[in-house]
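Trainee: What follows is entry.csv, CSV, N, CA and C atoms.
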```
chain,number,residue,atom,x,y,z
A,9,MET,N,-158.0,68.8,231.4
A,9,MET,CA,-157.0,68.7,230.3
A,9,MET,C,-157.7,68.5,229.0
A,10,ARG,N,-157.3,69.2,228.0
A,10,ARG,CA,-157.9,69.1,226.7
A,10,ARG,C,-157.4,67.9,226.0
A,11,SER,N,-158.3,67.3,225.2
A,11,SER,CA,-157.9,66.2,224.3
A,11,SER,C,-157.3,66.7,223.0
A,12,PRO,N,-156.5,65.9,222.4
A,12,PRO,CA,-155.9,66.4,221.1
A,12,PRO,C,-156.9,66.8,220.1
A,13,SER,N,-158.1,66.1,220.1
A,13,SER,CA,-159.1,66.4,219.1
A,13,SER,C,-159.7,67.8,219.4
A,14,THR,N,-159.8,68.2,220.6
A,14,THR,CA,-160.3,69.6,221.0
A,14,THR,C,-159.3,70.6,220.5
A,15,ASP,N,-158.0,70.3,220.6
A,15,ASP,CA,-157.0,71.3,220.1
A,15,ASP,C,-157.0,71.4,218.6
A,16,ASN,N,-157.2,70.3,217.9
A,16,ASN,CA,-157.3,70.3,216.5
A,16,ASN,C,-158.6,71.1,216.0
A,17,ARG,N,-159.7,71.0,216.7
A,17,ARG,CA,-160.9,71.7,216.4
A,17,ARG,C,-160.6,73.2,216.6
A,18,PHE,N,-159.9,73.6,217.6
A,18,PHE,CA,-159.6,75.0,217.9
A,18,PHE,C,-158.7,75.5,216.8
A,19,VAL,N,-157.7,74.8,216.4
A,19,VAL,CA,-156.8,75.2,215.3
A,19,VAL,C,-157.6,75.3,214.0
A,20,ASN,N,-158.5,74.3,213.7
A,20,ASN,CA,-159.3,74.3,212.5
A,20,ASN,C,-160.2,75.6,212.4
A,21,TRP,N,-160.9,75.9,213.5
A,21,TRP,CA,-161.8,77.0,213.5
A,21,TRP,C,-161.0,78.3,213.4
A,22,ASN,N,-159.8,78.4,214.0
A,22,ASN,CA,-159.0,79.6,213.8
A,22,ASN,C,-158.5,79.8,212.4
A,23,THR,N,-158.2,78.7,211.8
A,23,THR,CA,-157.7,78.7,210.4
A,23,THR,C,-158.9,79.1,209.5
A,24,ILE,N,-160.1,78.6,209.7
A,24,ILE,CA,-161.2,79.0,208.9
A,24,ILE,C,-161.6,80.5,209.1
A,25,LEU,N,-161.5,80.9,210.4
A,25,LEU,CA,-161.8,82.4,210.6
A,25,LEU,C,-160.8,83.3,210.0
A,26,LEU,N,-159.5,82.9,210.0
A,26,LEU,CA,-158.5,83.7,209.4
A,26,LEU,C,-158.7,83.7,207.9
A,27,ALA,N,-159.0,82.6,207.3
A,27,ALA,CA,-159.2,82.6,205.9
A,27,ALA,C,-160.4,83.4,205.5
A,28,ALA,N,-161.5,83.4,206.3
A,28,ALA,CA,-162.7,84.2,206.0
A,28,ALA,C,-162.3,85.7,206.1
A,29,LEU,N,-161.5,86.1,207.1
A,29,LEU,CA,-161.1,87.5,207.3
A,29,LEU,C,-160.3,87.9,206.1
A,30,ILE,N,-159.3,87.1,205.7
A,30,ILE,CA,-158.5,87.5,204.5
A,30,ILE,C,-159.4,87.7,203.3
A,31,LEU,N,-160.3,86.8,203.1
A,31,LEU,CA,-161.2,86.8,201.9
A,31,LEU,C,-162.1,88.1,202.0
A,32,ALA,N,-162.6,88.4,203.2
A,32,ALA,CA,-163.4,89.6,203.3
A,32,ALA,C,-162.6,90.9,203.0
A,33,VAL,N,-161.4,91.0,203.5
A,33,VAL,CA,-160.6,92.1,203.2
A,33,VAL,C,-160.3,92.2,201.7
A,34,PHE,N,-160.0,91.1,201.1
A,34,PHE,CA,-159.7,91.1,199.6
A,34,PHE,C,-160.9,91.5,198.8
A,35,LEU,N,-162.1,91.0,199.2
A,35,LEU,CA,-163.3,91.4,198.5
A,35,LEU,C,-163.7,92.9,198.7
A,36,ALA,N,-163.4,93.4,199.9
A,36,ALA,CA,-163.7,94.8,200.2
A,36,ALA,C,-162.8,95.7,199.3
A,37,LEU,N,-161.5,95.3,199.2
A,37,LEU,CA,-160.5,96.1,198.4
A,37,LEU,C,-160.9,96.0,197.0
A,38,LYS,N,-161.3,94.9,196.5
A,38,LYS,CA,-161.7,94.7,195.1
A,38,LYS,C,-163.0,95.6,194.8
A,39,ARG,N,-163.9,95.6,195.8
A,39,ARG,CA,-165.1,96.4,195.6
A,39,ARG,C,-164.8,97.9,195.5
A,40,LEU,N,-163.8,98.3,196.2
A,40,LEU,CA,-163.4,99.7,196.1
A,40,LEU,C,-162.7,100.0,194.8
A,41,GLY,N,-162.1,99.0,194.2
A,41,GLY,CA,-161.5,99.2,192.9
A,41,GLY,C,-160.2,100.1,193.0
A,42,LEU,N,-159.4,99.8,194.0
A,42,LEU,CA,-158.2,100.6,194.2
A,42,LEU,C,-157.2,100.3,193.1
A,43,ILE,N,-156.6,101.4,192.6
A,43,ILE,CA,-155.5,101.4,191.6
A,43,ILE,C,-154.2,101.0,192.3
A,44,SER,N,-153.3,100.3,191.7
A,44,SER,CA,-152.0,100.0,192.3
A,44,SER,C,-151.2,101.3,192.4
A,45,ARG,N,-150.2,101.3,193.3
A,45,ARG,CA,-149.3,102.4,193.5
A,45,ARG,C,-148.6,102.7,192.2
A,46,ARG,N,-148.0,101.6,191.6
A,46,ARG,CA,-147.2,101.8,190.4
A,46,ARG,C,-148.0,102.4,189.3
A,47,ALA,N,-149.3,101.9,189.0
A,47,ALA,CA,-150.1,102.4,188.0
A,47,ALA,C,-150.5,103.9,188.2
A,48,ALA,N,-150.8,104.2,189.5
A,48,ALA,CA,-151.1,105.6,189.9
A,48,ALA,C,-149.9,106.5,189.6
A,49,LEU,N,-148.7,106.1,189.9
A,49,LEU,CA,-147.6,106.9,189.6
A,49,LEU,C,-147.3,107.1,188.1
A,50,GLN,N,-147.6,106.1,187.4
A,50,GLN,CA,-147.4,106.2,185.9
A,50,GLN,C,-148.5,107.2,185.4
A,51,HIS,N,-149.7,107.2,185.9
A,51,HIS,CA,-150.7,108.1,185.4
A,51,HIS,C,-150.4,109.5,185.9
A,52,LEU,N,-149.9,109.7,187.1
A,52,LEU,CA,-149.5,111.0,187.6
A,52,LEU,C,-148.4,111.6,186.7
A,53,GLN,N,-147.4,110.8,186.3
A,53,GLN,CA,-146.3,111.3,185.4
A,53,GLN,C,-146.9,111.6,184.1
A,54,GLY,N,-148.0,111.0,183.7
A,54,GLY,CA,-148.6,111.3,182.4
A,54,GLY,C,-149.6,112.5,182.4
A,55,GLY,N,-149.7,113.1,183.6
A,55,GLY,CA,-150.6,114.3,183.7
A,55,GLY,C,-152.0,114.0,184.2
A,56,ALA,N,-152.2,112.9,184.9
A,56,ALA,CA,-153.5,112.7,185.5
A,56,ALA,C,-154.0,113.8,186.4
A,57,VAL,N,-155.3,113.9,186.5
A,57,VAL,CA,-155.8,114.9,187.5
A,57,VAL,C,-156.2,114.2,188.8
A,58,VAL,N,-155.8,114.7,189.9
A,58,VAL,CA,-156.2,114.2,191.2
A,58,VAL,C,-157.4,114.9,191.6
A,59,VAL,N,-158.5,114.1,191.9
A,59,VAL,CA,-159.8,114.6,192.2
A,59,VAL,C,-160.2,114.2,193.6
A,60,ASP,N,-160.4,115.2,194.4
A,60,ASP,CA,-160.9,115.0,195.8
A,60,ASP,C,-162.4,115.1,195.9
A,61,VAL,N,-163.1,114.0,196.2
A,61,VAL,CA,-164.5,114.0,196.2
A,61,VAL,C,-165.1,114.2,197.5
A,62,ARG,N,-164.3,114.7,198.5
A,62,ARG,CA,-164.8,115.0,199.8
A,62,ARG,C,-165.6,116.3,199.7
A,63,SER,N,-166.3,116.6,200.8
A,63,SER,CA,-167.1,117.9,200.8
A,63,SER,C,-166.2,119.1,200.7
A,64,ASN,N,-166.8,120.2,200.4
A,64,ASN,CA,-166.0,121.5,200.3
A,64,ASN,C,-165.3,121.8,201.7
A,65,ARG,N,-166.0,121.6,202.8
A,65,ARG,CA,-165.5,121.8,204.1
A,65,ARG,C,-164.3,120.9,204.4
A,66,GLU,N,-164.4,119.7,204.1
A,66,GLU,CA,-163.3,118.7,204.3
A,66,GLU,C,-162.1,119.2,203.4
A,67,PHE,N,-162.3,119.5,202.2
A,67,PHE,CA,-161.3,120.0,201.3
A,67,PHE,C,-160.6,121.2,201.8
A,68,GLN,N,-161.4,122.2,202.3
A,68,GLN,CA,-160.8,123.4,202.8
A,68,GLN,C,-160.0,123.2,204.1
A,69,SER,N,-160.3,122.2,204.9
A,69,SER,CA,-159.5,122.0,206.1
A,69,SER,C,-158.1,121.4,205.8
A,70,HIS,N,-158.0,120.6,204.7
A,70,HIS,CA,-156.7,120.1,204.3
A,70,HIS,C,-156.9,119.3,203.0
A,71,HIS,N,-156.0,119.5,202.1
A,71,HIS,CA,-156.1,118.8,200.8
A,71,HIS,C,-154.7,118.6,200.2
A,72,LEU,N,-154.7,117.8,199.2
A,72,LEU,CA,-153.4,117.5,198.5
A,72,LEU,C,-153.1,118.6,197.5
A,73,PRO,N,-151.8,118.9,197.4
A,73,PRO,CA,-151.5,120.0,196.4
A,73,PRO,C,-152.0,119.6,195.0
A,74,ALA,N,-152.5,120.5,194.3
A,74,ALA,CA,-152.9,120.4,192.9
A,74,ALA,C,-154.2,119.5,192.8
A,75,ALA,N,-154.8,119.1,193.9
A,75,ALA,CA,-156.0,118.3,193.8
A,75,ALA,C,-157.2,119.3,193.5
A,76,VAL,N,-158.1,118.7,192.7
A,76,VAL,CA,-159.3,119.5,192.3
A,76,VAL,C,-160.5,118.9,193.2
A,77,ASN,N,-161.2,119.8,193.8
A,77,ASN,CA,-162.4,119.4,194.6
A,77,ASN,C,-163.6,119.3,193.8
A,78,VAL,N,-164.2,118.1,193.7
A,78,VAL,CA,-165.5,117.9,193.1
A,78,VAL,C,-166.3,117.0,194.0
A,79,PRO,N,-167.0,117.6,195.0
A,79,PRO,CA,-167.7,116.8,196.0
A,79,PRO,C,-168.6,115.7,195.3
A,80,LEU,N,-168.7,114.6,195.9
A,80,LEU,CA,-169.5,113.5,195.4
A,80,LEU,C,-170.9,113.9,195.1
A,81,ASP,N,-171.5,114.7,196.0
A,81,ASP,CA,-172.9,115.1,195.8
A,81,ASP,C,-173.1,116.1,194.7
A,82,GLN,N,-172.0,116.6,194.1
A,82,GLN,CA,-172.1,117.6,193.0
A,82,GLN,C,-171.5,117.0,191.7
A,83,LEU,N,-171.1,115.8,191.8
A,83,LEU,CA,-170.4,115.2,190.7
A,83,LEU,C,-171.1,115.3,189.3
A,84,HIS,N,-172.4,114.9,189.3
A,84,HIS,CA,-173.2,115.0,188.0
A,84,HIS,C,-173.2,116.4,187.4
A,85,HIS,N,-173.2,117.4,188.3
A,85,HIS,CA,-173.3,118.8,187.8
A,85,HIS,C,-171.9,119.3,187.4
A,86,LEU,N,-170.9,119.1,188.3
A,86,LEU,CA,-169.6,119.7,188.1
A,86,LEU,C,-168.6,118.9,187.1
A,87,ALA,N,-168.7,117.6,187.1
A,87,ALA,CA,-167.7,116.9,186.3
A,87,ALA,C,-167.7,117.2,184.8
A,88,PRO,N,-168.9,117.4,184.2
A,88,PRO,CA,-168.8,117.7,182.7
A,88,PRO,C,-168.2,119.1,182.5
A,89,ARG,N,-168.3,120.0,183.4
A,89,ARG,CA,-167.6,121.3,183.2
A,89,ARG,C,-166.2,121.3,183.6
A,90,GLN,N,-165.8,120.5,184.7
A,90,GLN,CA,-164.4,120.4,185.1
A,90,GLN,C,-163.6,119.6,184.1
A,91,PHE,N,-164.2,118.5,183.7
A,91,PHE,CA,-163.5,117.5,182.8
A,91,PHE,C,-164.3,117.2,181.6
A,92,PRO,N,-164.3,118.1,180.6
A,92,PRO,CA,-165.0,117.9,179.4
A,92,PRO,C,-164.5,116.7,178.5
A,93,ASP,N,-163.2,116.4,178.7
A,93,ASP,CA,-162.6,115.3,177.9
A,93,ASP,C,-162.9,114.0,178.7
A,94,HIS,N,-163.8,113.2,178.2
A,94,HIS,CA,-164.1,112.0,178.9
A,94,HIS,C,-163.0,110.9,178.9
A,95,SER,N,-161.9,111.2,178.2
A,95,SER,CA,-160.8,110.2,178.2
A,95,SER,C,-159.7,110.6,179.1
A,96,ARG,N,-159.8,111.8,179.7
A,96,ARG,CA,-158.8,112.3,180.7
A,96,ARG,C,-158.7,111.3,181.8
A,97,VAL,N,-157.4,111.1,182.3
A,97,VAL,CA,-157.2,110.2,183.4
A,97,VAL,C,-157.5,111.0,184.7
A,98,LEU,N,-158.4,110.4,185.5
A,98,LEU,CA,-158.9,111.0,186.8
A,98,LEU,C,-158.5,110.0,187.9
A,99,LEU,N,-157.8,110.5,188.9
A,99,LEU,CA,-157.4,109.7,190.1
A,99,LEU,C,-158.2,110.2,191.2
A,100,LEU,N,-159.2,109.5,191.7
A,100,LEU,CA,-160.1,109.9,192.8
A,100,LEU,C,-159.6,109.5,194.2
A,101,HIS,N,-159.9,110.4,195.1
A,101,HIS,CA,-159.7,110.0,196.5
A,101,HIS,C,-160.7,110.7,197.4
A,102,CYS,N,-160.9,110.2,198.6
A,102,CYS,CA,-161.7,110.8,199.6
A,102,CYS,C,-161.1,110.5,201.0
A,103,LEU,N,-161.9,110.5,202.1
A,103,LEU,CA,-161.3,110.3,203.4
A,103,LEU,C,-160.9,108.8,203.6
A,104,SER,N,-161.9,107.9,203.2
A,104,SER,CA,-161.6,106.5,203.5
A,104,SER,C,-161.5,105.6,202.2
A,105,GLY,N,-161.9,106.1,201.1
A,105,GLY,CA,-161.9,105.4,199.8
A,105,GLY,C,-163.3,104.9,199.4
A,106,THR,N,-164.3,105.1,200.3
A,106,THR,CA,-165.7,104.7,199.9
A,106,THR,C,-166.3,105.6,199.0
A,107,ARG,N,-166.3,106.9,199.3
A,107,ARG,CA,-166.9,107.9,198.3
A,107,ARG,C,-166.2,107.9,197.0
A,108,SER,N,-164.9,107.8,197.0
A,108,SER,CA,-164.2,107.8,195.7
A,108,SER,C,-164.5,106.6,194.9
A,109,SER,N,-164.8,105.5,195.6
A,109,SER,CA,-165.3,104.3,194.8
A,109,SER,C,-166.7,104.5,194.2
A,110,LEU,N,-167.6,105.2,194.9
A,110,LEU,CA,-168.9,105.5,194.4
A,110,LEU,C,-168.7,106.5,193.2
A,111,ALA,N,-167.8,107.5,193.4
A,111,ALA,CA,-167.6,108.5,192.4
A,111,ALA,C,-167.0,107.8,191.1
A,112,ARG,N,-166.1,106.9,191.3
A,112,ARG,CA,-165.6,106.1,190.1
A,112,ARG,C,-166.7,105.5,189.3
A,113,ARG,N,-167.5,104.8,190.1
A,113,ARG,CA,-168.7,104.1,189.4
A,113,ARG,C,-169.6,105.1,188.7
A,114,THR,N,-169.9,106.2,189.3
A,114,THR,CA,-170.7,107.2,188.7
A,114,THR,C,-170.1,107.8,187.5
A,115,LEU,N,-168.8,108.2,187.6
A,115,LEU,CA,-168.2,108.8,186.4
A,115,LEU,C,-168.1,107.8,185.2
A,116,ARG,N,-167.9,106.5,185.5
A,116,ARG,CA,-167.9,105.5,184.4
A,116,ARG,C,-169.3,105.4,183.8
A,117,GLN,N,-170.3,105.5,184.6
A,117,GLN,CA,-171.7,105.5,184.1
A,117,GLN,C,-171.9,106.8,183.2
A,118,MET,N,-171.2,107.9,183.5
A,118,MET,CA,-171.4,109.1,182.8
A,118,MET,C,-170.5,109.1,181.5
A,119,GLY,N,-169.8,108.0,181.3
A,119,GLY,CA,-169.0,107.9,180.1
A,119,GLY,C,-167.5,108.2,180.2
A,120,TYR,N,-167.0,108.4,181.4
A,120,TYR,CA,-165.6,108.7,181.6
A,120,TYR,C,-164.9,107.3,181.6
A,121,SER,N,-163.8,107.2,180.8
A,121,SER,CA,-163.2,105.9,180.6
A,121,SER,C,-162.0,105.6,181.4
A,122,ASN,N,-161.3,106.6,181.9
A,122,ASN,CA,-160.0,106.5,182.6
A,122,ASN,C,-160.1,107.0,184.0
A,123,VAL,N,-161.0,106.4,184.8
A,123,VAL,CA,-161.2,106.8,186.2
A,123,VAL,C,-160.7,105.8,187.1
A,124,TYR,N,-159.9,106.2,188.1
A,124,TYR,CA,-159.3,105.2,189.0
A,124,TYR,C,-159.5,105.7,190.5
A,125,ASN,N,-159.5,104.8,191.4
A,125,ASN,CA,-159.7,105.1,192.8
A,125,ASN,C,-158.4,105.0,193.5
A,126,LEU,N,-157.8,106.1,194.0
A,126,LEU,CA,-156.6,106.1,194.8
A,126,LEU,C,-157.0,105.6,196.2
A,127,GLY,N,-158.2,105.7,196.6
A,127,GLY,CA,-158.6,105.3,198.0
A,127,GLY,C,-158.7,106.4,198.9
A,128,SER,N,-158.1,106.2,200.1
A,128,SER,CA,-158.2,107.1,201.2
A,128,SER,C,-157.2,108.3,201.0
A,129,TYR,N,-157.5,109.4,201.7
A,129,TYR,CA,-156.7,110.6,201.7
A,129,TYR,C,-155.2,110.2,202.0
A,130,GLY,N,-155.1,109.4,203.1
A,130,GLY,CA,-153.7,109.0,203.5
A,130,GLY,C,-153.0,108.2,202.4
A,131,ARG,N,-153.7,107.3,201.8
A,131,ARG,CA,-153.0,106.5,200.7
A,131,ARG,C,-152.7,107.4,199.5
A,132,ALA,N,-153.6,108.2,199.2
A,132,ALA,CA,-153.3,109.2,198.0
A,132,ALA,C,-152.1,110.1,198.4
A,133,ARG,N,-152.1,110.6,199.6
A,133,ARG,CA,-151.0,111.4,200.0
A,133,ARG,C,-149.6,110.7,199.9
A,134,ARG,N,-149.6,109.5,200.4
A,134,ARG,CA,-148.4,108.7,200.3
A,134,ARG,C,-147.9,108.4,198.9
A,135,ILE,N,-148.9,108.1,198.0
A,135,ILE,CA,-148.5,107.8,196.6
A,135,ILE,C,-148.0,109.0,196.0
A,136,ILE,N,-148.7,110.2,196.1
A,136,ILE,CA,-148.2,111.4,195.5
A,136,ILE,C,-146.9,111.9,196.0
A,137,ALA,N,-146.7,111.7,197.3
A,137,ALA,CA,-145.4,112.1,197.9
A,137,ALA,C,-144.2,111.3,197.4
A,138,SER,N,-144.5,110.1,197.0
A,138,SER,CA,-143.4,109.2,196.5
A,138,SER,C,-143.0,109.4,195.1
A,139,GLN,N,-143.6,110.4,194.4
A,139,GLN,CA,-143.2,110.7,193.0
A,139,GLN,C,-141.8,111.2,192.9
```
Would you encode the structure as structure tokens?
Mentor:
Amino acid sequence: MRSPSTDNRFVNWNTILLAALILAVFLALKRLGLISRRAALQHLQGGAVVVDVRSNREFQSHHLPAAVNVPLDQLHHLAPRQFPDHSRVLLLHCLSGTRSSLARRTLRQMGYSNVYNLGSYGRARRIIASQ
């Protein structure tokens, strides 16, 4: 039979682990720099460009309507030609949200001021479909 102090330690460790997990998820989402659904919809209504930073092959297999494909590995080369206006609102996405987070950082370093991460393909699809 367990003592009450053993039960309390079990509850305390579970609480600590749950808090750590929640914090880890929060920090991961913050690192990705995801835009809120509401803000993304406002930008879409204002004429934002949806940019798919997946590979050409991934884009050809399936993509969002009106999305522009600028693969992450070609971003430095293609972005200045595709988006000469550095103030244009760009909403980025990829398969999981990781490459689009890297692309966001890269584009900001290149001088683009209105670059946002939609995250994963699925999240971007749901946001765009809700317009």
Trainee: To one decimal in Å, tell me the separation between CA of Ala75 (chain A) and atom C of Asp60 (chain A).
Mentor: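 Distance between the two atoms: 7.5 Å.
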Trainee: Give the helix (DSSP H, G or I) residues of chain A, as assigned by DSSP on the backbone, as a ChimeraX atom specification.
Mentor: /A:12-40,45-53,64-69,80-90,106-117,129-137
Trainee: Could you jot down the CA of Val123 (chain A) to atom N of Ser95 (chain A) separation for me, Å, one decimal place?
Mentor: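 Going from CA of Val123 (chain A) over to atom N of Ser95 (chain A), I get 9.2 Å.
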Trainee: Between A:Ser63, A:Ser138, A:Leu52, A:Leu126, which residue has the minimum interatomic distance to His101 (chain A), considering only N, CA and C atoms?
Mentor: A:Leu126
Trainee: What's around Gly41 (chain A) at 7 Å? Count only N, CA and C atoms, leave out sequence neighbours fewer than 6 positions away in its own chain, and write the answer as a PyMOL selection string.
Mentor: chain A and resi 109+124-127
Trainee: Using all atoms listed in the file, which residue out of A:Ser128, A:Met118, A:Ser69, A:Arg134 lies closest to Thr106 (chain A)?
Mentor: A:Ser128
Trainee: Can you check which residues of region 44-125 of chain A DSSP gives as strand (DSSP E or B) on the backbone and send them as a PyMOL selection string?
Mentor: chain A and resi 57-60+76-77+98-102+123-125
Trainee: Given the choices A:Val58, A:Arg45, A:Leu99, A:His85, which gets closest to Pro73 (chain A) if the distance is worked out from only C-alpha atoms?
Mentor: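 Of A:Val58, A:Arg45, A:Leu99, A:His85, the one nearest Pro73 (chain A) is A:Val58, counting only C-alpha atoms.
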Trainee: Considering only C-alpha atoms, can you say which of A:Leu26, A:Ala48, A:Ala111, A:Val59 comes closest to Phe91 (chain A)?
Mentor: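 Going through A:Leu26, A:Ala48, A:Ala111, A:Val59 one by one, the smallest distance to Phe91 (chain A) is for A:Val59.
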Trainee: What does the distance from CA of Gln90 (chain A) to CA of Arg65 (chain A) come to in Å, to one decimal?
Mentor: 19.1 Å
Trainee: Give me the residues of region 105-135 of chain A that have any atom at most 8 Å from an atom of region 80-84 of chain A; for each, the nearest atom pair and the distance in Å, rounded to one decimal. Use all atoms listed in the file, sort by chain and number, and format it as a tab-separated table.
Mentor:
```
residue	atom	partner	partner_atom	distance
A:Arg107	C	A:Leu80	CA	6.7
A:Ser108	N	A:Leu80	CA	7.5
A:Leu110	C	A:Leu80	CA	7.4
A:Ala111	CA	A:Leu80	CA	6.1
A:Thr114	C	A:His84	N	7.7
A:Leu115	N	A:Leu83	C	7.7
```
Trainee: Could you write out that same residue set with N, CA and C atoms as a PDB file, in the coordinates of the input?
Mentor:
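And here is the file that came out, result.pdb:
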```
ATOM      1  N   ARG A 107    -166.300 106.900 199.300  1.00  0.00           N
ATOM      2  CA  ARG A 107    -166.900 107.900 198.300  1.00  0.00           C
ATOM      3  C   ARG A 107    -166.200 107.900 197.000  1.00  0.00           C
ATOM      4  N   SER A 108    -164.900 107.800 197.000  1.00  0.00           N
ATOM      5  CA  SER A 108    -164.200 107.800 195.700  1.00  0.00           C
ATOM      6  C   SER A 108    -164.500 106.600 194.900  1.00  0.00           C
ATOM      7  N   LEU A 110    -167.600 105.200 194.900  1.00  0.00           N
ATOM      8  CA  LEU A 110    -168.900 105.500 194.400  1.00  0.00           C
ATOM      9  C   LEU A 110    -168.700 106.500 193.200  1.00  0.00           C
ATOM     10  N   ALA A 111    -167.800 107.500 193.400  1.00  0.00           N
ATOM     11  CA  ALA A 111    -167.600 108.500 192.400  1.00  0.00           C
ATOM     12  C   ALA A 111    -167.000 107.800 191.100  1.00  0.00           C
ATOM     13  N   THR A 114    -169.900 106.200 189.300  1.00  0.00           N
ATOM     14  CA  THR A 114    -170.700 107.200 188.700  1.00  0.00           C
ATOM     15  C   THR A 114    -170.100 107.800 187.500  1.00  0.00           C
ATOM     16  N   LEU A 115    -168.800 108.200 187.600  1.00  0.00           N
ATOM     17  CA  LEU A 115    -168.200 108.800 186.400  1.00  0.00           C
ATOM     18  C   LEU A 115    -168.100 107.800 185.200  1.00  0.00           C
TER      19      LEU A 115
END
```
Trainee: Point out the residue among A:Asn22, A:Asn122, A:Gln68, A:Ser44 with the least atom-to-atom distance to His94 (chain A), counting all atoms listed in the file.
Mentor: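 Closest to His94 (chain A) of all the choices is A:Asn122.
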Trainee: Using only C-alpha atoms, determine which residues lie at most 8 Å from Tyr129 (chain A), disregarding the query and same-chain residues fewer than 6 positions distant; provide the list as a ChimeraX atom specification.
Mentor: /A:101-105
Trainee: Take the residues just selected and output them with N, CA and C atoms as a PDB file, in the coordinates of the input.
Mentor:
```pdb
ATOM      1  N   HIS A 101    -159.900 110.400 195.100  1.00  0.00           N
ATOM      2  CA  HIS A 101    -159.700 110.000 196.500  1.00  0.00           C
ATOM      3  C   HIS A 101    -160.700 110.700 197.400  1.00  0.00           C
ATOM      4  N   CYS A 102    -160.900 110.200 198.600  1.00  0.00           N
ATOM      5  CA  CYS A 102    -161.700 110.800 199.600  1.00  0.00           C
ATOM      6  C   CYS A 102    -161.100 110.500 201.000  1.00  0.00           C
ATOM      7  N   LEU A 103    -161.900 110.500 202.100  1.00  0.00           N
ATOM      8  CA  LEU A 103    -161.300 110.300 203.400  1.00  0.00           C
ATOM      9  C   LEU A 103    -160.900 108.800 203.600  1.00  0.00           C
ATOM     10  N   SER A 104    -161.900 107.900 203.200  1.00  0.00           N
ATOM     11  CA  SER A 104    -161.600 106.500 203.500  1.00  0.00           C
ATOM     12  C   SER A 104    -161.500 105.600 202.200  1.00  0.00           C
ATOM     13  N   GLY A 105    -161.900 106.100 201.100  1.00  0.00           N
ATOM     14  CA  GLY A 105    -161.900 105.400 199.800  1.00  0.00           C
ATOM     15  C   GLY A 105    -163.300 104.900 199.400  1.00  0.00           C
TER      16      GLY A 105
END
```
Trainee: Nearest residue to Arg46 (chain A) out of A:Val97, A:Leu29, A:Ile135, A:Thr23, using all atoms listed in the file?
Mentor: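 Ranked by minimum distance to Arg46 (chain A), first place goes to A:Ile135.
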